[in-house]
Structure formats: structure tokens, C-alpha cells
Amino acid sequence: GPGVTADERRMIVEMMAKGTYAEIVLAAADVDAVFARLLAGDAEVVQEPAEDGCGVRACAVRDPAGNLIRIREFR
């Protein structure tokens, strides 16, 4: 975009390729059940299911490509 230098653009592209530039946020009816299924696969645990202080139960994992995925319980 406007105002982004060539070096910044290169860094963004590199971060996107590593999966560290952005995160995906999903909603689930039962975050604990989803987390259990993710543990059975290749996901790397970043945060086990917990209340976030605002009454939202959430967890976070990284997929095999390095993308950060946050899952929040839909209430």
C-alpha cells in the first residue's frame, strides 16, 4: 500500500510465507472439543483453552505451515 517501503514489503512477504504476519480467528460451540481434535493432529499448542478475563473461553494453535489460529467459544 501507499507509504510502505520496498524493505517493508519484502518483510511482509517473508512473514506471510512463514505464517507469522496474520492470524485466523474462528468461533466454535465447544472450544474444548475442538482443542482435543487439534491435539490429535499436527497443531502446535500456543494457548490451551482458558477464560480470557472477559468471559470468553479461547485457545490458540499453529498449523503445520506456522499460521496462528485462535478459536473462541461461541456463546
# chains A, B, ... in the order shown; residues from 1 in each chain; ligands from 1

$ residues_around --residues "A:Glu44" --least-positions-apart "2" --cutoff "9 Å" --atoms "only C-alpha atoms" --output "list of chain:residue names"
A:Leu38, A:Leu39, A:Gly41, A:Asp42, A:Val46, A:Ala60, A:Val61, A:Arg62, A:Asp63, A:Pro64, A:Gly66

$ write_last_selection --atoms "C-alpha atoms" --output "short mmCIF file (atom, residue, chain, number, x, y, z; two decimals), in the first residue's frame"
data_model
loop_
_atom_site.label_atom_id
_atom_site.label_comp_id
_atom_site.auth_asym_id
_atom_site.auth_seq_id
_atom_site.Cartn_x
_atom_site.Cartn_y
_atom_site.Cartn_z
CA LEU A 38 -6.45 -30.36 17.16
CA LEU A 39 -4.19 -32.10 19.69
CA GLY A 41 -3.43 -33.75 14.68
CA ASP A 42 -0.27 -31.80 13.88
CA VAL A 46 0.17 -21.89 21.67
CA ALA A 60 -4.67 -20.90 20.10
CA VAL A 61 -2.60 -23.25 17.93
CA ARG A 62 -0.21 -23.07 14.99
CA ASP A 63 -0.89 -25.24 11.99
CA PRO A 64 1.95 -27.14 10.25
CA GLY A 66 3.05 -21.83 11.01
#

$ select_by_dssp --residues "stretch 1-67 of chain A" --states "helix (DSSP H, G or I)" --output "VMD selection string"
chain A and resid 6 to 18 31 to 39

$ residues_around --residues "A:Gly19" --least-positions-apart "4" --cutoff "8 Å" --atoms "only C-alpha atoms" --output "JSON, numbers by chain"
{"A": [15, 65, 66, 67, 68]}

$ write_last_selection --atoms "N, CA and C atoms" --output "tab-separated table (two decimals), in the first residue's frame"
chain	number	residue	atom	x	y	z
A	15	MET	N	7.13	-12.67	6.15
A	15	MET	CA	6.32	-13.03	7.31
A	15	MET	C	5.09	-13.82	6.87
A	65	ALA	N	1.92	-25.16	8.77
A	65	ALA	CA	2.52	-24.10	7.96
A	65	ALA	C	2.96	-22.91	8.80
A	66	GLY	N	2.65	-22.91	10.12
A	66	GLY	CA	3.05	-21.83	11.01
A	66	GLY	C	2.01	-20.76	11.22
A	67	ASN	N	0.82	-20.92	10.64
A	67	ASN	CA	-0.24	-19.93	10.81
A	67	ASN	C	-0.83	-20.00	12.22
A	68	LEU	N	-1.01	-18.85	12.85
A	68	LEU	CA	-1.61	-18.78	14.17
A	68	LEU	C	-3.13	-18.82	14.01

$ atom_distance --atom1 "atom CA of A:Ala33" --atom2 "atom CA of A:Glu73"
10.3 Å

$ closest_residue --among "A:Arg37, A:Lys18, A:Arg9, A:Arg57" --to "A:Arg72" --atoms "only C-alpha atoms"
A:Arg57

$ closest_residue --among "A:Arg75, A:Ala17, A:Pro49, A:Val56" --to "A:Ala36" --atoms "only C-alpha atoms"
A:Pro49

$ select_by_dssp --residues "chain A" --states "strand (DSSP E)" --output "ChimeraX atom specification"
/A:23-28,44-51,57-62,68-73

$ write_last_selection --atoms "N, CA and C atoms" --output "compact mmCIF listing (two decimals), in the first residue's frame"
# COMPACT_ATOMS: atom_id res chain seq x y z
N GLU A 23 -3.20 -13.65 11.78
CA GLU A 23 -3.79 -14.77 12.50
C GLU A 23 -5.22 -14.97 12.02
N ILE A 24 -5.70 -16.16 12.23
CA ILE A 24 -7.06 -16.52 11.87
C ILE A 24 -7.83 -16.68 13.18
N VAL A 25 -9.02 -16.10 13.28
CA VAL A 25 -9.85 -16.23 14.47
C VAL A 25 -11.13 -16.94 14.06
N LEU A 26 -11.41 -18.06 14.72
CA LEU A 26 -12.59 -18.86 14.43
C LEU A 26 -13.47 -18.95 15.67
N ALA A 27 -14.74 -19.27 15.48
CA ALA A 27 -15.67 -19.47 16.59
C ALA A 27 -16.12 -20.92 16.60
N ALA A 28 -16.32 -21.46 17.80
CA ALA A 28 -16.78 -22.84 17.94
C ALA A 28 -17.79 -22.90 19.08
N GLU A 44 0.44 -27.20 16.71
CA GLU A 44 1.33 -26.84 17.81
C GLU A 44 0.54 -25.98 18.79
N VAL A 45 0.49 -26.36 20.05
CA VAL A 45 -0.27 -25.61 21.06
C VAL A 45 0.43 -24.30 21.38
N VAL A 46 -0.31 -23.21 21.28
CA VAL A 46 0.17 -21.89 21.67
C VAL A 46 -0.49 -21.49 22.99
N GLN A 47 -1.79 -21.79 23.12
CA GLN A 47 -2.54 -21.47 24.34
C GLN A 47 -3.61 -22.53 24.54
N GLU A 48 -3.57 -23.19 25.68
CA GLU A 48 -4.63 -24.16 25.99
C GLU A 48 -5.93 -23.41 26.28
N PRO A 49 -7.08 -24.08 26.18
CA PRO A 49 -8.35 -23.40 26.45
C PRO A 49 -8.37 -22.76 27.83
N ALA A 50 -8.78 -21.50 27.87
CA ALA A 50 -8.85 -20.74 29.12
C ALA A 50 -9.79 -19.57 28.95
N GLU A 51 -10.30 -19.07 30.06
CA GLU A 51 -11.11 -17.85 30.05
C GLU A 51 -10.17 -16.67 29.86
N ARG A 57 -14.05 -18.03 26.42
CA ARG A 57 -13.14 -19.17 26.52
C ARG A 57 -12.48 -19.32 25.15
N ALA A 58 -11.15 -19.43 25.13
CA ALA A 58 -10.43 -19.48 23.86
C ALA A 58 -9.17 -20.31 23.98
N CYS A 59 -8.66 -20.73 22.82
CA CYS A 59 -7.37 -21.41 22.73
C CYS A 59 -6.68 -20.92 21.46
N ALA A 60 -5.40 -21.29 21.30
CA ALA A 60 -4.67 -20.90 20.10
C ALA A 60 -3.69 -22.01 19.74
N VAL A 61 -3.53 -22.24 18.45
CA VAL A 61 -2.60 -23.25 17.93
C VAL A 61 -1.92 -22.69 16.69
N ARG A 62 -0.85 -23.34 16.28
CA ARG A 62 -0.21 -23.07 14.99
C ARG A 62 -0.39 -24.31 14.14
N LEU A 68 -1.01 -18.85 12.85
CA LEU A 68 -1.61 -18.78 14.17
C LEU A 68 -3.13 -18.82 14.01
N ILE A 69 -3.76 -19.75 14.73
CA ILE A 69 -5.21 -19.91 14.67
C ILE A 69 -5.75 -19.80 16.09
N ARG A 70 -6.61 -18.80 16.31
CA ARG A 70 -7.27 -18.62 17.60
C ARG A 70 -8.70 -19.12 17.46
N ILE A 71 -9.16 -19.83 18.47
CA ILE A 71 -10.52 -20.34 18.45
C ILE A 71 -11.22 -19.87 19.71
N ARG A 72 -12.33 -19.20 19.52
CA ARG A 72 -13.12 -18.67 20.64
C ARG A 72 -14.44 -19.41 20.71
N GLU A 73 -14.90 -19.61 21.93
CA GLU A 73 -16.17 -20.31 22.11
C GLU A 73 -17.32 -19.35 21.82

$ atom_distance --atom1 "atom CA of A:Gly55" --atom2 "atom CA of A:Val34"
18.3 Å
